Amino acid sequence: MTVMEQRGAYRPTPPPAWQPRTDPAPLLPDAEPYRVLGTEAAAHADPELLRTLHARLVRGRRYNTQATALTKQGRLAVYPSSTGQEACEIAAALALEERDWLFPSYRDTLAVVARGVDPVEALTLLRGDWHTGYDPYEHRVAPLSTPLATQLPHAVGLAHAARLKGDDVVALAMVGDGGTSEGDFHEALNFAAVWQAPVVFLVQNNGFAISVPLAKQTAAPSLAHKAVGYGMPGRLVDGNDAVAVHEVLSDAVRRARGGGGPTLVEAVTYRVEAHTNADDATRYRGDAEVETWRRHDPIDLLERELTDRGLLGEDAARAVREDAEAMAADLRARMNRDPELDPMDLFAHVYAEPTPHLREQRALLRAELEAAAEAESGNEPGTGTGPEGTRR
Amino acid sequence: MTVMEQRGAYRPTPPPAWQPRTDPAPLLPDAEPYRVLGTEAAAHADPELLRTLHARLVRGRRYNTQATALTKQGRLAVYPSSTGQEACEIAAALALEERDWLFPSYRDTLAVVARGVDPVEALTLLRGDWHTGYDPYEHRVAPLSTPLATQLPHAVGLAHAARLKGDDVVALAMVGDGGTSEGDFHEALNFAAVWQAPVVFLVQNNGFAISVPLAKQTAAPSLAHKAVGYGMPGRLVDGNDAVAVHEVLSDAVRRARGGGGPTLVEAVTYRVEAHTNADDATRYRGDAEVETWRRHDPIDLLERELTDRGLLGEDAARAVREDAEAMAADLRARMNRDPELDPMDLFAHVYAEPTPHLREQRALLRAELEAAAEAESGNEPGTGTGPEGTRR
Amino acid sequence: MTTVAAKPATMAQALTRALRDAMAADPAVHVLGEDVGALGGVFRVTDGLAKEFGEDRCTDTPLAEAGILGTAVGMAMYGLRPVVEMQFDAFAYPAFEQVVSHVTKMRNRTRGRMPLPLTIRVPYGGGIGGVEHHSDSSEAYYMATPGLHVVTPATVADAYGLLRASIASDDPVVFLEPKRLYWSKDAWNPEEPAPVEPVGRAVVRRSGRSATLITYGPSLAVCMEAAEAARAEGWDLEVVDLRSLVPFDDETVCASVRRTGRAVVVHESGSFGGPGGEIAARVTERCFHHLEAPVLRVAGFDIPYPPPMLERHHLPGVDRILDAVGRLQWEAES
Amino acid sequence: MTTVAAKPATMAQALTRALRDAMAADPAVHVLGEDVGALGGVFRVTDGLAKEFGEDRCTDTPLAEAGILGTAVGMAMYGLRPVVEMQFDAFAYPAFEQVVSHVTKMRNRTRGRMPLPLTIRVPYGGGIGGVEHHSDSSEAYYMATPGLHVVTPATVADAYGLLRASIASDDPVVFLEPKRLYWSKDAWNPEEPAPVEPVGRAVVRRSGRSATLITYGPSLAVCMEAAEAARAEGWDLEVVDLRSLVPFDDETVCASVRRTGRAVVVHESGSFGGPGGEIAARVTERCFHHLEAPVLRVAGFDIPYPPPMLERHHLPGVDRILDAVGRLQWEAES
Ligand SMILES: Cc1ncc(C[n+]2csc(CCOP(=O)(O)OP(=O)(O)O)c2C)c(N)n1
Ligand SMILES: Cc1ncc(C[n+]2csc(CCOP(=O)(O)OP(=O)(O)O)c2C)c(N)n1
Ligand SMILES: [Mg+2]
Ligand SMILES: [Mg+2]
């Protein structure tokens, strides 16, 4: 039985007999973002989940500040911080089972690390020693990569393939509010809905695409409202409420896993830092707005709940901080070592086997490097290793 | 004052203070396609409009059958007939003022002709003597062209430009159900909504994209439901009810003209013929379905109404048929003359001025043609004019 | 296996057979694209596959080329071997970002951990009276993108063999199918297809001593005809069919040019920035002292592809090829 | 007009000035792209334009490159003269279909009735330590697409003059801005910019007798340095800056090569199917009997652009150029 047969093939009917192909009502998001923390529902939240989320968020925040500091020291080419968005990053990783797949956007290093990828390997792209530092198959995390929204169809294809193979695998794909404007967003959601692929799309609406505010990005009531146009449910959630995001994503993952098809989740959050360390946010927004959002900080929200319920003692809080500091210290130490690089790697993986043409170019580079090494050992050492520095 | 300021710039607010940026309710389409003919509302329809629509639809149908016949005679390379969809084609053209612009999809020759373009010039692309036969500025009709959905952003840009210049101009852009899956559809609708550009998007949902039925194209409740995701109203209409389509499009045009922004209209119709003369529709659909739709024919629907109300006498009906036959006879006669072609035109309009490189190539072709002409006049005539036939 | 005598088959039939055999041999092979299912593709190349292997193996997709290729990337990431059909050359452009930014970079990006064995079939070129946007030769774009193989058959047997090899390749392949050869026929035995070799070898289709015509795909037949006609002028032309633009078979091409000392590259694609520039440049770099004349190019003009009624003026024909051969400075020899 | 003494300006500043002057001179000129408004673009090239001309003249668009270019096409159809900014080379690919299927074809399609005077600004090339997808050289794609002009400045003064000329052109122009030259400085008087000539003329940046280096954009400075270093080897190199790849100035290039008898094409873009093949082929076609050696190419390798820490091995440097010059068969001369 094919995918289409399962769902009953649509046959066009003239308007006298017309009816909507799916009921739109359940697909529409609620008018307000779903929240747990600060509401009565919070009382029912599992204490263990609250503690785990809290520890992971604190660790995540520390990772962000450490990585930003490393850019100042020249150890990273660039870092797009997710400070303020940690609830989304961590919840996305935690909502998945080990066998599932994560498709991050370029900003989602934190989700990648939360999924289990080595914190240093997750930074390879931004450090600049290679494009992807980790084996995507080890933790089932697609490569971090910058072309926006292009990872979304990949997630759909992978989830579809897994389903065709009979594997119980869900893909969670992340994208920013800006990325929703790209054609790839549209095509991915449409394919996912038509194929009923087990995918969850998480849009982090952090208010900006670099300098462009949401009002110049869309006129929609919410980004979650886009879902109905594909025939999938749209869910709106407070992106700074880790418990709420975790719940909404877990529901969507469960739905996908059960054959219910894809879901679009919009998490309303805010990019508290500049776009990257290279950006100057004062050019396009004022402090007041940032301040409003700092008062809705995802870690604060969690801590308030934990403290109110007496779930975070002095010792536990210290342990969380120490764990985060240890991670940061390790990251610093390892990032302060220069990576070992072999320029010949440039030719190693362009094809399964280099073409004759590439073999020629590889030989040229090898000859240059050998000549340079000779010149260096024979003459003054330390004149650099690039072609420019080595001739004479 | 800029476009954005007029609309009040959105500023991100944390979820405690969150509210939808637009009210989604009025954007959602009705559950049933809007109909007039065959309902009580038909009694209020303007007799003059009914008669005009009828005459134009009959003429349109005749154009379709004539053009299809011309393909059989080898006078057209290909023809995608809009038989069964004439109500959409004609209503689209009639809903516009002269100063407005029409952006047709490749199937919409009929709308182009209904807009005033010469029936022969409208066929240039499909006849193959050039790409576009008419001057787009004469009747404000964008070139008929095949890459699907790519005309939609053009329409948005043109409407936006007109608005910036202070001109009272609306653009109506047509696309098929298949075309809604393209990224360009998404990007165009989003730009239009953000810019509040005076555009109307008309989707002719004719059930198929070549062989692919709608169920494999989308899982949405209707294509009109896509509108809410852009923050524009979606309207669903019986695409075989010329009066209903005309009314819905006229409303949307009026709204756009008044500064109310874009509208997405889905007209539910059916492609009664094969995709083009070259297609074999029996491979992917049965006769029964086609029959259901033939019983909901747009011309029949109109004629029933006109007859019921005594608005179409014997003489008037004959006049309508004769007018259509005269048009067809003229089309036949003119299409049966070989167009006059000058191969040197290939170089005339690539740039404002040919580059030196193109001048060289132009000289080569000219020399070849001159040699061929000489050979032909000197030797046996009639050996063809192409480079292949002329050397010896 | 019973031996079936070779009888005429079209290139389209050979391609269908290649897809079918590849799908039968490897359950990881999935075909997807617009109208590839019930219709069998607008050129009928996927005819019967959905019926034989089911719609999950041969899938009609929504109408969105970036989506088709983008989901195929995801499928390949999960271990499938997708074969994507782009309906026409010009309709592959929406998928260009996926080609350049992911298809060709995934293996390298992940140091070989995530290869993308996928084949992108693109009917290409003119000569079929197609209206605007139905006759593009887009090989220059793909050639200039490292990480792809670019393959194009010129014969019925190669259509089978090269498509099988492309699907079997662990690298992404753009497989360019010359539209105007779809209905060309050749004696070919589907039960005994030539052994499937990896792509990358050009072949000498006609031996000659005077000059070499270097060509591929839709222009091979024209070159063979030109070589025949050239005998009347006293020229004995060699014809090399590249079969793949990437990998490029310098060895076969240069061996021929060193023998003949003269060469003309022939293709439909525009000449400026087209394949011929690369070919002429690399042949010249490698054979400079064997050349009696510059390597010339006979190509489409550098204009948007003409409307059907004018395309014959654009396409490289026998006369234009012979004119170029005539300019190969024959006096210099004597 | 008061005369202001020439003082150092960056290429980015000259580009900003060109946009500002073009907008002031012609109300039809509109700038649009991602972050071009309040932010002034990620390279600050549109700095101040939204403030001076309003957001309707310098507009932050939604994040969708095909949408940006597609709407710009519509704006040009209505008589505006849009200048589109693509944020980085690799992020122009989503707009590729609009470039190939409409931008370059509208004038021809309509027999000149609907010209599309629009400029697509693309920051391109490497050398700035950019992460993956931020260092592509995409000129080969645009060169192979008839109907476009392809322009790229190598000096501060040219950045101003060529951008003004491109915006003034009635044809669509892809204007490639070498990222690594944005902060390069040169004495330049914004009040007395060089007269704006139409694009299409190459210029000899350094005269020499031994061999010609043919280059453009980001590689000009490297070639000038190489020419300086070559003096130690006894070579007196001429350097030609193409300034536009389309139109291509055969006259200036061939005059130089005929004088020197030897040539090397230098660019960052990959060599296979890259600009150098076309250039080498056409120079050879036109100057064959003047050539002492084949025209050689020094280019980026045919690999995905490397990560920042390895890019110096990829980019053509002085030594690689001198090595190529050394292979120009100098023995043959004596
Ligand atoms: C296709 C593409 N276009 C442009 C860019 C340049 N760019 C990088 S990040 C960014 C903004 C992204 O905004 P959003 O999607 O909201 O994600 P956020 O940065 O807020 O996480 C832009 C325009 C890109 N990376 N890819
Ligand atoms: C970008 C693009 N992809 C593919 C095609 C080939 N093609 C031509 S018509 C067609 C089907 C279009 O379906 P739809 O949009 O529903 O319009 P209809 O034919 O029903 O009027 C296809 C796939 C094309 N013209 N453009
Ligand atoms: Mg954002
Ligand atoms: Mg349709």
# chains A, B, ... in the order shown; residues from 1 in each chain; ligands from 1
$ residues_around --residues "Gly116 (chain B)" --least-positions-apart "2" --cutoff "12 Å" --atoms "only C-alpha atoms" --output "ChimeraX atom specification"
/B:56,90,93-94,96-98,101-102,109-114,118-122,134-141
$ residues_near_ligand --ligand "ligand 3" --cutoff "10 Å" --atoms "only C-alpha atoms and all ligand atoms" --output "ChimeraX atom specification"
/A:107,175-180,203-214,217,269-271,275
$ interface_residues --of "chain B" --to "chain C" --cutoff "9 Å" --atoms "only C-alpha atoms" --output "number ranges by chain"
B: 77-78, 125-131, 145-148, 178-183, 209-212, 214, 216-218, 279-281, 283-284, 341-343, 346-347, 350, 357-358, 361-362, 365, 368, 385-392
$ interface_residues --of "chain A" --to "chain B" --cutoff "8 Å" --atoms "only C-alpha atoms" --output "ChimeraX atom specification"
/A:4,9-15,18-24,31-33,181-187,190-191,193-194,207,213-232,238,268-270,289,292-293,296
$ atom_distance --atom1 "CA of Met86 (chain D)" --atom2 "CA of Ala140 (chain D)"
16.9 Å
$ atom_distance --atom1 "atom 6 (C, counted along the ligand's line) of ligand 2" --atom2 "CA of Gly286 (chain B)"
22.4 Å
$ interface_residues --of "chain C" --to "chain D" --cutoff "9 Å" --atoms "only C-alpha atoms" --output "tab-separated table (two decimals) with N, CA, C and O atoms, in the first residue's frame"
chain	number	residue	atom	x	y	z
C	90	ALA	N	15.52	23.89	-17.94
C	90	ALA	CA	15.32	25.20	-17.32
C	90	ALA	C	14.53	25.10	-16.03
C	90	ALA	O	14.52	26.04	-15.24
C	91	PHE	N	13.89	23.97	-15.80
C	91	PHE	CA	13.12	23.83	-14.57
C	91	PHE	C	13.94	23.19	-13.46
C	91	PHE	O	13.45	22.93	-12.37
C	92	ALA	N	15.20	22.96	-13.75
C	92	ALA	CA	16.11	22.52	-12.69
C	92	ALA	C	16.70	23.72	-11.93
C	92	ALA	O	17.23	23.55	-10.84
C	93	TYR	N	16.58	24.91	-12.48
C	93	TYR	CA	17.23	26.07	-11.83
C	93	TYR	C	16.71	26.35	-10.43
C	93	TYR	O	17.48	26.80	-9.57
C	94	PRO	N	15.42	26.17	-10.15
C	94	PRO	CA	14.99	26.42	-8.76
C	94	PRO	C	15.75	25.56	-7.75
C	94	PRO	O	15.82	25.91	-6.58
C	95	ALA	N	16.31	24.45	-8.21
C	95	ALA	CA	17.03	23.56	-7.29
C	95	ALA	C	18.52	23.88	-7.24
C	95	ALA	O	19.30	23.16	-6.61
C	96	PHE	N	18.92	24.98	-7.87
C	96	PHE	CA	20.35	25.26	-8.02
C	96	PHE	C	21.06	25.42	-6.67
C	96	PHE	O	22.18	24.93	-6.49
C	97	GLU	N	20.42	26.11	-5.74
C	97	GLU	CA	21.07	26.29	-4.44
C	97	GLU	C	21.35	24.93	-3.78
C	97	GLU	O	22.41	24.72	-3.21
C	98	GLN	N	20.40	24.03	-3.87
C	98	GLN	CA	20.62	22.71	-3.27
C	98	GLN	C	21.80	22.00	-3.96
C	98	GLN	O	22.61	21.36	-3.30
C	100	VAL	N	24.43	23.42	-5.53
C	100	VAL	CA	25.73	24.06	-5.28
C	100	VAL	C	26.09	24.06	-3.79
C	100	VAL	O	27.24	23.85	-3.43
C	101	SER	N	25.09	24.29	-2.94
C	101	SER	CA	25.42	24.48	-1.53
C	101	SER	C	25.35	23.20	-0.70
C	101	SER	O	25.90	23.18	0.40
C	104	THR	N	26.73	19.01	-3.65
C	104	THR	CA	28.14	18.89	-4.02
C	104	THR	C	29.07	19.09	-2.84
C	104	THR	O	30.28	18.98	-2.99
C	105	LYS	N	28.54	19.42	-1.68
C	105	LYS	CA	29.43	19.76	-0.57
C	105	LYS	C	29.29	18.84	0.64
C	105	LYS	O	30.11	18.89	1.55
C	108	ASN	N	32.31	16.33	1.30
C	108	ASN	CA	33.53	17.05	1.67
C	108	ASN	C	33.38	17.68	3.05
C	108	ASN	O	34.27	17.60	3.90
C	109	ARG	N	32.22	18.29	3.26
C	109	ARG	CA	31.93	18.96	4.54
C	109	ARG	C	32.11	18.01	5.73
C	109	ARG	O	32.60	18.41	6.77
C	132	GLU	N	10.11	28.45	-25.46
C	132	GLU	CA	11.07	29.05	-24.53
C	132	GLU	C	11.17	28.26	-23.22
C	132	GLU	O	10.14	27.84	-22.68
C	133	HIS	N	12.39	28.10	-22.72
C	133	HIS	CA	12.68	27.41	-21.46
C	133	HIS	C	12.60	25.89	-21.57
C	133	HIS	O	12.62	25.21	-20.54
C	138	SER	N	22.50	23.34	-20.00
C	138	SER	CA	22.95	23.92	-18.73
C	138	SER	C	24.22	23.29	-18.19
C	138	SER	O	24.59	23.49	-17.05
C	140	ALA	N	27.31	23.94	-18.50
C	140	ALA	CA	28.38	24.81	-18.01
C	140	ALA	C	28.22	25.09	-16.52
C	140	ALA	O	29.21	25.15	-15.78
C	141	TYR	N	26.99	25.24	-16.07
C	141	TYR	CA	26.75	25.51	-14.64
C	141	TYR	C	27.22	24.33	-13.78
C	141	TYR	O	27.80	24.52	-12.71
C	142	TYR	N	26.91	23.14	-14.25
C	142	TYR	CA	27.25	21.96	-13.45
C	142	TYR	C	28.74	21.66	-13.48
C	142	TYR	O	29.33	21.26	-12.49
C	143	MET	N	29.36	21.87	-14.65
C	143	MET	CA	30.80	21.65	-14.77
C	143	MET	C	31.58	22.52	-13.80
C	143	MET	O	32.63	22.12	-13.30
C	144	ALA	N	31.08	23.73	-13.59
C	144	ALA	CA	31.82	24.69	-12.77
C	144	ALA	C	31.59	24.47	-11.28
C	144	ALA	O	32.01	25.29	-10.47
C	145	THR	N	30.93	23.37	-10.92
C	145	THR	CA	30.59	23.12	-9.53
C	145	THR	C	31.29	21.86	-9.04
C	145	THR	O	30.83	20.75	-9.30
C	146	PRO	N	32.41	21.99	-8.34
C	146	PRO	CA	33.15	20.81	-7.89
C	146	PRO	C	32.31	19.94	-6.97
C	146	PRO	O	31.51	20.45	-6.19
C	147	GLY	N	32.49	18.64	-7.10
C	147	GLY	CA	31.75	17.71	-6.26
C	147	GLY	C	30.70	16.92	-7.02
C	147	GLY	O	30.11	16.00	-6.48
C	270	GLY	N	26.02	27.50	-25.44
C	270	GLY	CA	26.70	28.71	-25.87
C	270	GLY	C	28.20	28.57	-25.71
C	270	GLY	O	28.67	27.76	-24.91
C	271	SER	N	28.96	29.33	-26.50
C	271	SER	CA	30.41	29.17	-26.41
C	271	SER	C	31.00	29.98	-25.27
C	271	SER	O	31.87	29.52	-24.56
C	272	PHE	N	30.49	31.21	-25.03
C	272	PHE	CA	31.11	32.06	-24.02
C	272	PHE	C	30.89	31.49	-22.62
C	272	PHE	O	29.75	31.37	-22.17
C	273	GLY	N	31.98	31.15	-21.97
C	273	GLY	CA	31.86	30.54	-20.66
C	273	GLY	C	31.30	29.13	-20.69
C	273	GLY	O	30.95	28.58	-19.65
C	274	GLY	N	31.22	28.55	-21.87
C	274	GLY	CA	30.67	27.21	-22.01
C	274	GLY	C	31.75	26.14	-21.91
C	274	GLY	O	32.93	26.45	-21.72
C	275	PRO	N	31.33	24.88	-22.07
C	275	PRO	CA	32.27	23.76	-21.93
C	275	PRO	C	33.47	23.85	-22.88
C	275	PRO	O	34.57	23.45	-22.53
C	276	GLY	N	33.23	24.37	-24.09
C	276	GLY	CA	34.28	24.40	-25.09
C	276	GLY	C	35.50	25.20	-24.67
C	276	GLY	O	36.63	24.88	-25.06
C	277	GLY	N	35.29	26.25	-23.90
C	277	GLY	CA	36.41	27.06	-23.43
C	277	GLY	C	37.34	26.23	-22.57
C	277	GLY	O	38.56	26.20	-22.76
C	278	GLU	N	36.74	25.52	-21.62
C	278	GLU	CA	37.54	24.65	-20.75
C	278	GLU	C	38.28	23.60	-21.57
C	278	GLU	O	39.47	23.37	-21.38
C	279	ILE	N	37.54	22.99	-22.48
C	279	ILE	CA	38.14	21.89	-23.24
C	279	ILE	C	39.28	22.41	-24.11
C	279	ILE	O	40.38	21.86	-24.12
C	280	ALA	N	39.02	23.52	-24.81
C	280	ALA	CA	40.07	24.09	-25.66
C	280	ALA	C	41.28	24.49	-24.82
C	280	ALA	O	42.44	24.23	-25.19
C	281	ALA	N	41.03	25.11	-23.68
C	281	ALA	CA	42.14	25.57	-22.85
C	281	ALA	C	42.98	24.40	-22.35
C	281	ALA	O	44.21	24.43	-22.39
C	282	ARG	N	42.31	23.35	-21.87
C	282	ARG	CA	43.10	22.25	-21.29
C	282	ARG	C	43.80	21.43	-22.37
C	282	ARG	O	44.92	20.95	-22.16
C	284	THR	N	44.92	22.72	-25.12
C	284	THR	CA	46.04	23.57	-25.53
C	284	THR	C	47.17	23.51	-24.49
C	284	THR	O	48.36	23.42	-24.85
C	285	GLU	N	46.82	23.57	-23.21
C	285	GLU	CA	47.85	23.46	-22.16
C	285	GLU	C	48.67	22.19	-22.32
C	285	GLU	O	49.88	22.18	-22.12
C	286	ARG	N	47.97	21.11	-22.70
C	286	ARG	CA	48.62	19.79	-22.71
C	286	ARG	C	49.24	19.42	-24.05
C	286	ARG	O	50.11	18.56	-24.12
C	287	CYS	N	48.80	20.03	-25.13
C	287	CYS	CA	49.22	19.58	-26.47
C	287	CYS	C	49.80	20.72	-27.30
C	287	CYS	O	49.82	20.64	-28.54
C	288	PHE	N	50.20	21.79	-26.66
C	288	PHE	CA	50.56	23.00	-27.39
C	288	PHE	C	51.50	22.74	-28.57
C	288	PHE	O	51.27	23.20	-29.68
C	289	HIS	N	52.53	21.98	-28.33
C	289	HIS	CA	53.52	21.82	-29.39
C	289	HIS	C	53.10	20.83	-30.47
C	289	HIS	O	53.78	20.67	-31.47
C	293	ALA	N	47.15	24.52	-35.26
C	293	ALA	CA	46.19	25.62	-35.29
C	293	ALA	C	45.55	25.70	-33.91
C	293	ALA	O	45.60	24.72	-33.16
C	294	PRO	N	44.98	26.83	-33.58
C	294	PRO	CA	44.29	26.90	-32.30
C	294	PRO	C	43.11	25.94	-32.30
C	294	PRO	O	42.51	25.69	-33.34
C	295	VAL	N	42.79	25.44	-31.13
C	295	VAL	CA	41.58	24.62	-31.00
C	295	VAL	C	40.39	25.54	-31.19
C	295	VAL	O	40.27	26.57	-30.51
C	296	LEU	N	39.54	25.21	-32.15
C	296	LEU	CA	38.38	26.07	-32.41
C	296	LEU	C	37.14	25.51	-31.76
C	296	LEU	O	37.09	24.35	-31.34
C	297	ARG	N	36.12	26.35	-31.68
C	297	ARG	CA	34.86	25.93	-31.06
C	297	ARG	C	33.70	26.18	-32.01
C	297	ARG	O	33.60	27.26	-32.60
C	302	ASP	N	25.78	32.90	-28.33
C	302	ASP	CA	25.62	33.34	-26.95
C	302	ASP	C	24.40	34.24	-26.82
C	302	ASP	O	24.49	35.43	-26.55
C	303	ILE	N	23.28	33.59	-27.00
C	303	ILE	CA	21.97	34.26	-26.99
C	303	ILE	C	21.00	33.37	-26.23
C	303	ILE	O	21.26	32.17	-26.07
C	304	PRO	N	19.91	33.93	-25.76
C	304	PRO	CA	18.88	33.05	-25.19
C	304	PRO	C	18.46	32.04	-26.27
C	304	PRO	O	18.41	32.39	-27.45
$ residues_around --residues "Val240 (chain C)" --least-positions-apart "3" --cutoff "9 Å" --atoms "only C-alpha atoms" --output "compact mmCIF listing (two decimals) with all heavy atoms, in the first residue's frame"
# COMPACT_ATOMS: atom_id res chain seq x y z
N ALA C 202 36.23 8.72 -22.09
CA ALA C 202 35.75 9.13 -23.40
C ALA C 202 35.98 7.98 -24.37
O ALA C 202 36.67 7.01 -24.06
CB ALA C 202 36.50 10.37 -23.86
N VAL C 203 35.42 8.10 -25.57
CA VAL C 203 35.60 7.03 -26.54
C VAL C 203 35.74 7.62 -27.94
O VAL C 203 35.11 8.62 -28.27
CB VAL C 203 34.42 6.01 -26.45
CG1 VAL C 203 33.10 6.69 -26.75
CG2 VAL C 203 34.63 4.84 -27.38
N VAL C 204 36.64 7.02 -28.70
CA VAL C 204 36.82 7.47 -30.09
C VAL C 204 35.74 6.79 -30.92
O VAL C 204 35.72 5.57 -31.04
CB VAL C 204 38.22 7.11 -30.61
CG1 VAL C 204 38.36 7.48 -32.09
CG2 VAL C 204 39.29 7.82 -29.78
N ARG C 205 34.84 7.58 -31.48
CA ARG C 205 33.72 7.00 -32.24
C ARG C 205 34.07 6.81 -33.70
O ARG C 205 33.38 6.08 -34.42
CB ARG C 205 32.50 7.93 -32.17
CG ARG C 205 31.90 8.10 -30.80
CD ARG C 205 31.08 6.89 -30.38
NE ARG C 205 30.51 7.09 -29.05
CZ ARG C 205 30.07 6.12 -28.28
NH1 ARG C 205 30.13 4.86 -28.68
NH2 ARG C 205 29.58 6.37 -27.09
N ARG C 206 35.11 7.48 -34.15
CA ARG C 206 35.51 7.37 -35.55
C ARG C 206 36.98 7.75 -35.58
O ARG C 206 37.35 8.81 -35.05
CB ARG C 206 34.68 8.35 -36.38
CG ARG C 206 34.91 8.28 -37.87
CD ARG C 206 34.19 9.43 -38.56
NE ARG C 206 33.98 9.19 -39.98
CZ ARG C 206 34.90 9.36 -40.92
NH1 ARG C 206 36.13 9.75 -40.59
NH2 ARG C 206 34.60 9.14 -42.19
N SER C 207 37.78 6.94 -36.20
CA SER C 207 39.21 7.25 -36.27
C SER C 207 39.50 8.09 -37.50
O SER C 207 38.84 7.93 -38.54
CB SER C 207 40.04 5.97 -36.34
OG SER C 207 39.71 5.14 -35.27
N THR C 212 40.66 16.38 -35.03
CA THR C 212 39.77 15.73 -34.06
C THR C 212 38.56 16.60 -33.79
O THR C 212 38.70 17.79 -33.51
CB THR C 212 40.52 15.51 -32.73
OG1 THR C 212 41.71 14.78 -32.99
CG2 THR C 212 39.65 14.77 -31.73
N LEU C 213 37.38 16.01 -33.88
CA LEU C 213 36.18 16.68 -33.38
C LEU C 213 35.92 16.17 -31.97
O LEU C 213 35.78 14.96 -31.78
CB LEU C 213 34.97 16.41 -34.27
CG LEU C 213 35.08 16.82 -35.75
CD1 LEU C 213 33.77 16.50 -36.48
CD2 LEU C 213 35.44 18.30 -35.89
N ILE C 214 35.87 17.09 -30.99
CA ILE C 214 35.63 16.71 -29.61
C ILE C 214 34.19 17.10 -29.28
O ILE C 214 33.83 18.27 -29.41
CB ILE C 214 36.59 17.44 -28.65
CG1 ILE C 214 38.04 17.22 -29.09
CG2 ILE C 214 36.37 16.99 -27.21
CD1 ILE C 214 39.04 18.12 -28.38
N THR C 215 33.38 16.14 -28.88
CA THR C 215 31.97 16.45 -28.70
C THR C 215 31.33 15.53 -27.68
O THR C 215 32.02 14.71 -27.04
CB THR C 215 31.24 16.38 -30.06
OG1 THR C 215 29.95 16.97 -29.94
CG2 THR C 215 31.12 14.93 -30.54
N TYR C 216 30.03 15.66 -27.50
CA TYR C 216 29.30 14.82 -26.54
C TYR C 216 27.80 14.96 -26.80
O TYR C 216 27.34 15.90 -27.45
CB TYR C 216 29.64 15.23 -25.10
CG TYR C 216 29.36 16.68 -24.79
CD1 TYR C 216 28.11 17.10 -24.36
CD2 TYR C 216 30.36 17.64 -24.94
CE1 TYR C 216 27.85 18.45 -24.09
CE2 TYR C 216 30.12 18.98 -24.68
CZ TYR C 216 28.86 19.37 -24.26
OH TYR C 216 28.61 20.70 -24.00
N LEU C 220 26.99 14.55 -31.03
CA LEU C 220 27.80 13.47 -31.60
C LEU C 220 27.33 13.11 -33.01
O LEU C 220 28.14 13.01 -33.94
CB LEU C 220 27.77 12.22 -30.70
CG LEU C 220 28.47 11.00 -31.32
CD1 LEU C 220 29.97 11.27 -31.51
CD2 LEU C 220 28.25 9.74 -30.48
N THR C 252 42.37 10.32 -23.25
CA THR C 252 41.83 9.94 -24.57
C THR C 252 41.80 11.15 -25.51
O THR C 252 42.18 11.04 -26.68
CB THR C 252 40.40 9.37 -24.39
OG1 THR C 252 40.47 8.26 -23.50
CG2 THR C 252 39.81 8.96 -25.72
N VAL C 253 41.37 12.27 -24.99
CA VAL C 253 41.25 13.46 -25.84
C VAL C 253 42.62 13.90 -26.33
O VAL C 253 42.84 14.15 -27.52
CB VAL C 253 40.55 14.60 -25.07
CG1 VAL C 253 40.59 15.89 -25.88
CG2 VAL C 253 39.12 14.22 -24.72
N SER C 256 44.31 11.76 -28.94
CA SER C 256 43.77 11.99 -30.28
C SER C 256 44.34 13.28 -30.88
O SER C 256 44.81 13.30 -32.02
CB SER C 256 42.24 12.06 -30.22
OG SER C 256 41.71 12.49 -31.45
$ residues_around --residues "region 242-256 of chain B" --least-positions-apart "5" --cutoff "6 Å" --atoms "only C-alpha atoms" --output "VMD selection string"
chain B and resid 35 to 36 87 91 95 198 261 to 263
$ atom_distance --atom1 "atom 6 (C, counted along the ligand's line) of ligand 1" --atom2 "CA of Glu85 (chain D)"
11.5 Å
$ select_by_dssp --residues "region 126-293 of chain C" --states "strand (DSSP E or B)" --output "PyMOL selection string"
chain C and resi 149-151+173-178+185-188+203-206+211-215+237-241+244-246+263-270
